[in-house]
Amino acid sequence: MTVGQISETAQRPRSAARTGSARSTDLPRGSMTARRHRAFYMFTSPWITGFLLLTVGPMAYALWLSFTTFDGISPHWRYVGLGNYRELLSDPVTWDALSRAGVFAITSVPLSIIAGLALAVLVNRPIKARGLFRTLLYLPAVVPPVGAGLIFKQLFNRDSGAANGVLHVVGINAVAWLDDPYARYVILMAVLWGAGNVMIISLAGLQDVPRELHEAARIDGASAWRTFRSITVPLLSPVLLFQAVTGMIASVQTIMPLLIAPLPTPAGVTAIPQTNYMYMMHVFAEYFALGRYGYASALLWVLFVLILIVTGLIFKATSGVVFYNVDPEAKK
Amino acid sequence: MHSQAGAPVSRRRFVALSAAGAAAGAASLSGCALQVAGAATGGGESITMMAKLDDVSADLIRQAQKELGIKITVVQDDITRLISMLTSGNPPDLVRGVGALDAPYFAARGVAENLDPYFARSTVLKVDDLAPANDLWRYDGRTQGKGPRYGMAKDFSQDAMFWYNTALFDKAGVDYPSETEPITFEEWLDSARRLVQRKNGQTTVYGGSYNGLGLGILFTNLTAAAGGSLFSEDFSRVDFTTPEARRALTWYLDYARTKVGPSLIQPNPDAWDGPTYVADRMAMSGAGYWLGGMINAEPKVAEVSRLAPAPVFRGGPRLSSCQGATGMWMPKKARDKDAAWRVFEWFFGEAPAKARAEGGWGIPSLKSLQPLMPHKEDYQKRVLKVQEAELKHFSVTPFTPYIKWDALEALINQVIPAAMNGRISVDTLVGRLNSVVNEQMKRGKEQVG
């Protein structure tokens with residue numbers, strides 16, 4: 001039952017009679033609407049309060065900071081207007097870090113969606129111990145990022161890691177995985193390792209695809225690939241769009257490079273291999289190593305606006321190819 | 001306009017009510033924090049201490065409550081949390097800090113309490129009894145080592161001294177370094193080259209480790225050992241182009257490039273020297289006497305371990321600096337300074353200080369506690385003799401108040417790997433270091449005012 005349907009049911013006088021609430025049926029329509037409004041606001045107010053307190057408040061504070069030279073401690077900070085924003089426009093480190101984050105998003109998001117979808121298709125088949133496979137494949141996704149970072153750091157350590165142990169068995173010399181140019185691949189592997197998240201959402205989407213459509217296609221002689229391409233993917237497109245958008249937002253904000261860094265500290269963040277020195281690493285360094293709260297806040301606000309723009313562009317670019325089962329305009 | 005009973009709540013009114021709720025929530029949250037402290041004061045005093053859990057164990061907290069009647073709430077040592085607490089006007093009462101690096105920074109910004117009046121009236125911590133390393137916690141507004149005291153070291157080491165494993169020296173057929181006369185940095189590196197063991201591109205035994213407490217403080221001290229100063233006279237600028245600073249940098253780049261020990265381009269999987277050294281996977285460790293606490297706990301390792309004086313540069317002065325002097329300071333806005341000082345006295349001069357002295361984790365910061373240093377076993381006597389001789393060469397290398405040490409560290413970390421990997425020359429490196437560090441120091445100077 002959709003939200004719209006629930007709302008519709010609630011408006012029917014019959015539903016009130018069924019619950020045995022005679023008083024509800026006696027109330028004038030305006031009073032019921034008021035009660036519904038009040039109930040809605042009562043139920044949502046904890047979230048709204050939290051949103052104002054923990055999201056809007058800090059964002060406003062960060063916006064104010066972005067116009068200052070505040071460093072958290074020193075007494076003589078001052079307003080610089082748009083100075084921090086002007087500086088970041090001409091800061092090559094910022095642009096390099098942003099472009100690396102962009103390249104990472106462009107590569108990691110499609111890869112994780114493809115990997116997650118492939119896994120979902122596999123575990124959607126009627127195979128033995130399907131539940132066990134689903135659990136095992138999803139398991140890495142519940143490992144906290146800090147734990148995952150430590151695991152990858154140990155696995156790929158040059159001198160003591162299992163990855164080089166395997167290479168040693170086949171007679172290949174040790175590789176410095178956590179240094180350039182290999183470090184970027186370790187990060188991609190860490191992303192793919194957590195593809196269970198994408199899998200579980202895709203699996204839910206796959207199970208929503210009407211079986212009769214597949215049967216009709218099979219009767220018409222369509223191959224499995226054609227069925228997947230022409231039926232499954234279009235029906236999954238809203239799910240894939242959701243994953244693309246949330247994946248993009250998460251990937252440009254990734255902190256995984258810091259978690260596998262040799263020194264995962266404020267002072268050590270800048271020692272991250274160049275290819276992994278992405279935008280959030282730069283923000284972290286400016287905040288916590290250099291104490292440039294104003295400049296770092298400006299960096300975050302620019303990222304926020306960029307994410308809004310890119311999300312808007314993704315929606316615009318995919319508006320013709322995403323197929324919604326329920327017309328989103330219908331209930332307006 | 002008053003809304004009628006039963007009328008729908010308008011969106012605008014709802015947002016206004018939510019904002020009021022959020023403000024009330026924020027107020028009640030801060031009220032909660034105050035209430036906790038206030039309630040504790042009624043039934044005995046209470047302080048908040050920002051420390052590492054190793055510094056103040058649960059047993060110590062119980063002991064403090066029993067002996068002093070003061071409840072200690074420990075918050076994990078974290079610079080970001082400290083800044084949040086300072087900014088919100090609710091700082092800890094005592095804060096862990098590295099005297100050599102933090103003292104001028106916090107003192108110059110006026111957030112640290114001058115402890116001279118407290119020392120003057122203390123019967124536990126007497127100024128005459130303070131080891132010279134405590135001078136790293138002094139700052140007169142211009143120079144470190146002079147002026148009021150803003151904190152105290154819990155213990156200290158002469159951090160350029162190094163430990164070596166005689167079994168690994170024997171295995172490689174390398175002569176032991178002298179325990180009385182310093183070897184040169186060049187000799188140290190030559191020994192490390194001969195001691196390192198590799199297999200299939202992996203380092204199985206590090207020849208030596210020489211990274212100090214961080215590259216910023218290491219270069220400050222190496223430059224001093226080469227006979228110069230990394231900072232200008234007024235501490236407002238760095239100059240990596242001087243012959244002494246270049247000599248220090250060049251030596252360290254050789255160390256990193258030859259990959260005889262851990263560095264940014266060859267990180268130690270154990271993250272620091274201690275576990276690697278006691279696992280017989282490191283022949284030399286430039287960690288100072290302090291590492292003895294860990295070595296003493298492993299008698300087999302202790303028996304083959306020796307401590308050597310701080311190396312010198314050929315033709316340079318003999319210096320043996322303390323690069324840490326880790327201890328505590330008291331924020332100016334601490335809520336209960338008297339209770340904080342009582343805990344301070346207890347932590348630095350009573351039972352916890354005695355326990356630390358007996359453990360061998362550094363040299364006690366009170367001269368009167370130094371006889372408690374481990375000296376029962378032969379190997380302990382041997383190490384103690386070397387350490388006592390080295391104290392004659394104790395030195396302080398002043399640090400600038402205009403840059404936080406982790407900022408200096410971060411900037412060096414950002415630039416130096418390219419030089420370690422041979423992608424940029426030393427000339428390019430010193431130019432870049434001067435540029436980025438001086439820019440940050442300029443901002444720092446402006447903010448100190």
# chains A, B, ... in the order shown; residues from 1 in each chain; ligands from 1
>>> interface_residues(of="chain A", to="chain B", cutoff="8 Å", atoms="only C-alpha atoms", output="compact mmCIF listing (two decimals) with C-alpha atoms, in the first residue's frame")
# COMPACT_ATOMS: atom_id res chain seq x y z
CA GLY A 30 -12.21 20.61 9.52
CA SER A 31 -11.55 19.31 13.02
CA THR A 33 -8.04 17.61 9.29
CA ALA A 34 -6.61 19.65 12.16
CA ARG A 35 -6.12 16.50 14.22
CA HIS A 37 -2.12 17.77 10.85
CA ARG A 38 -1.31 17.86 14.52
CA TYR A 41 3.60 17.31 13.11
CA SER A 45 8.79 16.95 15.23
CA ILE A 48 12.56 18.11 12.46
CA THR A 49 14.07 19.22 15.78
CA GLY A 50 17.09 17.01 15.19
CA LEU A 52 17.39 21.89 12.80
CA LEU A 53 19.73 21.19 15.69
CA GLY A 72 39.43 27.41 16.73
CA ILE A 73 41.78 28.89 19.33
CA SER A 74 43.47 32.14 18.38
CA PRO A 75 41.94 35.38 19.61
CA HIS A 76 42.61 37.56 16.56
CA TRP A 77 40.51 36.04 13.79
CA GLN A 154 46.99 -5.06 6.87
CA ASN A 157 51.04 -3.89 3.69
CA ARG A 158 54.20 -4.36 1.71
CA ASP A 159 56.17 -6.18 4.38
CA SER A 160 53.54 -8.16 6.24
CA HIS A 168 55.59 -14.48 -3.07
CA ILE A 172 56.66 -12.30 -7.74
CA ASN A 173 58.46 -9.66 -5.69
CA ALA A 174 56.58 -7.61 -3.12
CA VAL A 175 54.55 -4.64 -4.33
CA ASP A 179 51.84 3.77 -2.28
CA PRO A 262 50.27 5.12 6.97
CA LEU A 263 49.48 7.82 9.55
CA PRO A 266 45.47 15.04 11.22
CA ALA A 267 49.20 15.44 10.60
CA GLY A 268 49.37 12.26 8.55
CA VAL A 269 46.50 13.02 6.19
CA THR A 270 48.77 14.92 3.83
CA ALA A 271 51.08 11.89 3.56
CA ALA A 285 43.80 18.53 6.44
CA PHE A 288 42.32 19.55 11.65
CA ALA A 289 45.97 19.74 10.61
CA LEU A 290 46.25 23.38 9.57
CA GLY A 291 43.42 24.65 11.77
>>> residues_around(residues="Leu195 in chain B", least_positions_apart="6", cutoff="10 Å", atoms="only C-alpha atoms", output="list in words")
Leu168, Phe169, Asp170, Lys171, Ala172, Gly173, Val174, Leu189, Val205, Tyr206, Gly207, Gly208, Val260, Met282, Ala283 and Met284 of chain B
>>> atom_distance(atom1="CA of Arg138 in chain B", atom2="CA of Thr400 in chain B")
12.7 Å
>>> residues_around(residues="Phe240 in chain B", least_positions_apart="4", cutoff="8 Å", atoms="only C-alpha atoms", output="list in words")
Leu230, Ala245, Arg246, Val430, Gly431, Leu433 and Asn434 of chain B
>>> write_last_selection(atoms="C-alpha atoms", output="compact mmCIF listing (two decimals), in the first residue's frame")
# COMPACT_ATOMS: atom_id res chain seq x y z
CA LEU B 230 65.38 26.07 11.55
CA ALA B 245 68.95 22.71 7.51
CA ARG B 246 69.99 21.32 4.12
CA VAL B 430 63.62 23.34 0.40
CA GLY B 431 61.94 25.98 -1.75
CA LEU B 433 58.93 23.77 2.28
CA ASN B 434 59.85 27.40 2.87
>>> atom_distance(atom1="CA of Thr397 in chain B", atom2="CA of Leu215 in chain B")
14.4 Å
>>> select_by_dssp(residues="range 45-219 of chain B", states="helix (DSSP H, G or I)", output="number ranges by chain")
B: 58-68, 79-87, 99-108, 116-121, 127-129, 132-137, 166-172, 185-195, 215-219
>>> write_last_selection(atoms="C-alpha atoms", output="short mmCIF file (atom, residue, chain, number, x, y, z; two decimals), in the first residue's frame")
data_model
loop_
_atom_site.label_atom_id
_atom_site.label_comp_id
_atom_site.auth_asym_id
_atom_site.auth_seq_id
_atom_site.Cartn_x
_atom_site.Cartn_y
_atom_site.Cartn_z
CA ALA B 58 40.48 3.08 35.49
CA ASP B 59 42.48 1.96 38.54
CA LEU B 60 44.14 5.37 38.80
CA ILE B 61 40.77 7.10 38.58
CA ARG B 62 39.46 4.96 41.45
CA GLN B 63 42.67 5.68 43.38
CA ALA B 64 42.21 9.43 42.89
CA GLN B 65 38.63 9.26 44.08
CA LYS B 66 39.80 7.35 47.17
CA GLU B 67 42.89 9.41 48.00
CA LEU B 68 41.77 12.88 46.92
CA ILE B 79 42.91 18.02 19.28
CA THR B 80 39.60 18.41 17.43
CA ARG B 81 37.65 17.69 20.62
CA LEU B 82 39.88 20.05 22.58
CA ILE B 83 39.22 22.86 20.12
CA SER B 84 35.46 22.20 20.31
CA MET B 85 35.60 22.29 24.10
CA LEU B 86 37.71 25.45 24.15
CA THR B 87 35.46 27.15 21.59
CA GLY B 99 55.68 20.40 26.22
CA ALA B 100 58.29 20.77 23.50
CA LEU B 101 55.63 21.62 20.91
CA ASP B 102 52.37 22.61 22.57
CA ALA B 103 53.59 24.95 25.32
CA PRO B 104 54.46 28.00 23.17
CA TYR B 105 51.42 27.50 20.93
CA PHE B 106 48.79 27.47 23.67
CA ALA B 107 50.59 29.98 25.90
CA ALA B 108 50.92 32.53 23.07
CA ASP B 116 53.72 29.75 38.71
CA PRO B 117 51.43 30.77 41.64
CA TYR B 118 50.38 27.14 42.09
CA PHE B 119 53.99 25.88 42.08
CA ALA B 120 54.92 28.64 44.54
CA ARG B 121 52.50 27.37 47.17
CA VAL B 127 60.51 24.23 41.57
CA ASP B 128 63.97 23.20 42.83
CA ASP B 129 63.01 19.58 42.36
CA PRO B 132 65.35 20.72 33.39
CA ALA B 133 63.03 19.08 30.85
CA ASN B 134 60.15 20.86 32.56
CA ASP B 135 61.54 24.11 31.18
CA LEU B 136 60.03 23.08 27.85
CA TRP B 137 56.72 24.05 29.45
CA THR B 166 73.35 -6.64 19.91
CA ALA B 167 72.05 -9.98 18.62
CA LEU B 168 71.17 -8.40 15.27
CA PHE B 169 74.54 -6.59 15.19
CA ASP B 170 76.31 -9.90 15.82
CA LYS B 171 74.31 -11.61 13.09
CA ALA B 172 75.28 -8.92 10.56
CA PHE B 185 74.78 10.38 11.80
CA GLU B 186 76.73 9.17 8.77
CA GLU B 187 78.07 6.21 10.78
CA TRP B 188 74.58 5.47 12.07
CA LEU B 189 73.27 5.32 8.49
CA ASP B 190 76.18 3.17 7.37
CA SER B 191 75.47 0.66 10.15
CA ALA B 192 71.75 0.66 9.27
CA ARG B 193 72.61 -0.16 5.65
CA ARG B 194 74.59 -3.17 6.80
CA LEU B 195 71.98 -4.30 9.31
CA LEU B 215 59.36 15.11 10.97
CA GLY B 216 58.79 18.72 12.03
CA ILE B 217 60.40 18.29 15.43
CA LEU B 218 63.02 15.96 13.93
CA PHE B 219 64.20 18.57 11.41
#
>>> residues_around(residues="Asp234 in chain B", least_positions_apart="5", cutoff="12 Å", atoms="only C-alpha atoms", output="CSV table (one decimal) with N, CA and C atoms, in the first residue's frame")
chain,number,residue,atom,x,y,z
B,141,GLY,N,56.6,34.6,26.2
B,141,GLY,CA,56.0,35.5,25.2
B,141,GLY,C,56.9,35.6,23.9
B,142,ARG,N,58.1,35.1,24.0
B,142,ARG,CA,59.0,35.2,22.9
B,142,ARG,C,59.8,33.9,22.7
B,143,THR,N,60.3,33.4,23.9
B,143,THR,CA,61.2,32.2,23.8
B,143,THR,C,60.7,31.1,24.7
B,144,GLN,N,60.9,29.9,24.2
B,144,GLN,CA,60.5,28.7,25.0
B,144,GLN,C,61.7,28.4,26.0
B,229,SER,N,69.8,26.8,13.1
B,229,SER,CA,68.4,26.9,13.7
B,229,SER,C,67.4,26.9,12.5
B,398,PRO,N,64.2,25.3,21.1
B,398,PRO,CA,62.9,26.1,21.2
B,398,PRO,C,62.1,25.9,19.9
B,399,PHE,N,60.8,25.9,20.1
B,399,PHE,CA,59.9,25.7,19.0
B,399,PHE,C,59.1,27.0,18.8
B,400,THR,N,58.6,27.2,17.6
B,400,THR,CA,57.8,28.5,17.3
B,400,THR,C,56.4,28.4,17.9
B,401,PRO,N,55.9,29.6,18.3
B,401,PRO,CA,54.5,29.6,18.7
B,401,PRO,C,53.5,29.8,17.6
B,402,TYR,N,54.1,30.1,16.4
B,402,TYR,CA,53.2,30.5,15.3
B,402,TYR,C,52.7,29.4,14.4
B,441,MET,N,52.8,30.1,8.8
B,441,MET,CA,53.3,30.8,10.0
B,441,MET,C,52.9,32.3,9.9
B,445,LYS,N,51.0,34.1,12.9
B,445,LYS,CA,51.6,35.3,13.6
B,445,LYS,C,50.4,36.3,13.6
>>> atom_distance(atom1="CA of Ala419 in chain B", atom2="CA of Phe284 in chain A")
23.8 Å
>>> residues_around(residues="range 379-386 of chain B", least_positions_apart="4", cutoff="12 Å", atoms="only C-alpha atoms", output="PyMOL selection string")
chain B and resi 158+161-164+178-182+288-293+295-310+358-360+362-363+370-375+390-393
>>> write_last_selection(atoms="N, CA and C atoms", output="compact mmCIF listing (two decimals), in the first residue's frame")
# COMPACT_ATOMS: atom_id res chain seq x y z
N GLN B 158 65.76 11.79 26.40
CA GLN B 158 66.58 12.50 25.42
C GLN B 158 66.37 11.72 24.13
N MET B 161 68.69 9.80 21.49
CA MET B 161 69.47 8.59 21.86
C MET B 161 68.82 7.38 21.17
N PHE B 162 69.62 6.36 20.96
CA PHE B 162 69.01 5.21 20.28
C PHE B 162 69.36 3.89 20.96
N TRP B 163 68.42 2.97 20.86
CA TRP B 163 68.59 1.60 21.37
C TRP B 163 69.13 0.74 20.23
N TYR B 164 69.91 -0.26 20.58
CA TYR B 164 70.30 -1.22 19.53
C TYR B 164 70.29 -2.63 20.07
N SER B 178 79.48 2.91 20.35
CA SER B 178 80.00 3.17 21.69
C SER B 178 78.85 3.59 22.62
N GLU B 179 78.97 3.22 23.90
CA GLU B 179 77.96 3.64 24.87
C GLU B 179 78.38 4.92 25.58
N THR B 180 79.58 5.39 25.27
CA THR B 180 80.04 6.62 25.94
C THR B 180 80.22 7.77 24.96
N GLU B 181 80.74 7.47 23.79
CA GLU B 181 80.98 8.53 22.79
C GLU B 181 79.95 8.44 21.68
N PRO B 182 79.43 9.58 21.24
CA PRO B 182 78.42 9.52 20.17
C PRO B 182 79.03 9.15 18.82
N GLY B 288 65.01 6.94 22.34
CA GLY B 288 65.37 7.45 23.67
C GLY B 288 65.06 6.48 24.80
N TYR B 289 65.45 6.88 26.01
CA TYR B 289 65.32 6.03 27.20
C TYR B 289 63.89 5.55 27.40
N TRP B 290 62.94 6.37 27.00
CA TRP B 290 61.52 6.10 27.21
C TRP B 290 61.10 4.69 26.76
N LEU B 291 61.71 4.21 25.66
CA LEU B 291 61.34 2.89 25.13
C LEU B 291 61.72 1.78 26.12
N GLY B 292 62.58 2.12 27.08
CA GLY B 292 63.01 1.13 28.07
C GLY B 292 61.84 0.50 28.81
N GLY B 293 60.74 1.24 28.99
CA GLY B 293 59.57 0.69 29.66
C GLY B 293 59.08 -0.56 28.95
N ILE B 295 60.97 -2.33 26.71
CA ILE B 295 62.07 -3.30 26.62
C ILE B 295 62.22 -4.07 27.94
N ASN B 296 62.11 -3.37 29.05
CA ASN B 296 62.25 -4.02 30.36
C ASN B 296 61.20 -5.10 30.59
N ALA B 297 60.06 -4.95 29.92
CA ALA B 297 58.99 -5.94 30.10
C ALA B 297 59.31 -7.24 29.36
N GLU B 298 60.34 -7.23 28.51
CA GLU B 298 60.73 -8.42 27.74
C GLU B 298 62.18 -8.75 28.09
N PRO B 299 62.43 -9.47 29.18
CA PRO B 299 63.81 -9.67 29.65
C PRO B 299 64.77 -10.19 28.58
N LYS B 300 64.29 -11.08 27.69
CA LYS B 300 65.19 -11.61 26.65
C LYS B 300 65.67 -10.50 25.72
N VAL B 301 64.77 -9.59 25.40
CA VAL B 301 65.14 -8.46 24.52
C VAL B 301 66.01 -7.49 25.31
N ALA B 302 65.66 -7.29 26.58
CA ALA B 302 66.42 -6.34 27.41
C ALA B 302 67.88 -6.76 27.53
N GLU B 303 68.11 -8.07 27.63
CA GLU B 303 69.48 -8.54 27.80
C GLU B 303 70.37 -8.26 26.58
N VAL B 304 69.77 -8.19 25.40
CA VAL B 304 70.59 -7.93 24.20
C VAL B 304 70.47 -6.47 23.75
N SER B 305 69.81 -5.64 24.57
CA SER B 305 69.60 -4.24 24.18
C SER B 305 70.59 -3.32 24.87
N ARG B 306 71.07 -2.34 24.15
CA ARG B 306 71.95 -1.32 24.69
C ARG B 306 71.40 0.05 24.27
N LEU B 307 71.75 1.03 25.09
CA LEU B 307 71.35 2.41 24.78
C LEU B 307 72.61 3.19 24.41
N ALA B 308 72.52 3.99 23.36
CA ALA B 308 73.70 4.74 22.91
C ALA B 308 73.40 6.24 22.91
N PRO B 309 74.44 7.06 23.06
CA PRO B 309 74.23 8.52 23.06
C PRO B 309 73.66 9.01 21.73
N ALA B 310 73.09 10.20 21.79
CA ALA B 310 72.53 10.80 20.57
C ALA B 310 73.64 11.02 19.55
N GLU B 358 59.21 3.79 38.39
CA GLU B 358 59.67 2.41 38.58
C GLU B 358 59.51 1.58 37.31
N GLY B 359 58.59 1.98 36.44
CA GLY B 359 58.34 1.22 35.21
C GLY B 359 59.38 1.44 34.13
N GLY B 360 60.15 2.51 34.22
CA GLY B 360 61.17 2.78 33.21
C GLY B 360 60.64 3.47 31.97
N GLY B 362 60.50 6.38 30.63
CA GLY B 362 61.03 7.75 30.66
C GLY B 362 61.68 8.09 31.98
N ILE B 363 62.36 9.24 31.98
CA ILE B 363 63.05 9.70 33.19
C ILE B 363 62.04 10.54 33.98
N GLN B 370 64.05 10.25 40.56
CA GLN B 370 64.95 9.58 39.62
C GLN B 370 65.65 8.35 40.21
N PRO B 371 65.93 8.31 41.53
CA PRO B 371 66.50 7.07 42.08
C PRO B 371 65.58 5.86 41.95
N LEU B 372 64.31 6.08 41.64
CA LEU B 372 63.38 4.95 41.51
C LEU B 372 63.48 4.26 40.14
N MET B 373 64.24 4.85 39.22
CA MET B 373 64.34 4.27 37.87
C MET B 373 64.90 2.85 37.96
N PRO B 374 64.47 1.93 37.08
CA PRO B 374 64.87 0.53 37.19
C PRO B 374 66.40 0.37 37.20
N HIS B 375 66.93 -0.34 38.21
CA HIS B 375 68.39 -0.48 38.30
C HIS B 375 68.80 -1.79 38.96
N GLU B 390 74.54 10.88 29.70
CA GLU B 390 73.96 11.69 28.61
C GLU B 390 73.24 12.94 29.15
N LEU B 391 72.77 12.87 30.39
CA LEU B 391 72.06 14.02 30.95
C LEU B 391 72.92 15.29 30.96
N LYS B 392 74.26 15.07 31.00
CA LYS B 392 75.16 16.24 30.98
C LYS B 392 75.04 17.02 29.67
N HIS B 393 74.55 16.36 28.63
CA HIS B 393 74.45 17.02 27.32
C HIS B 393 73.00 17.40 26.99
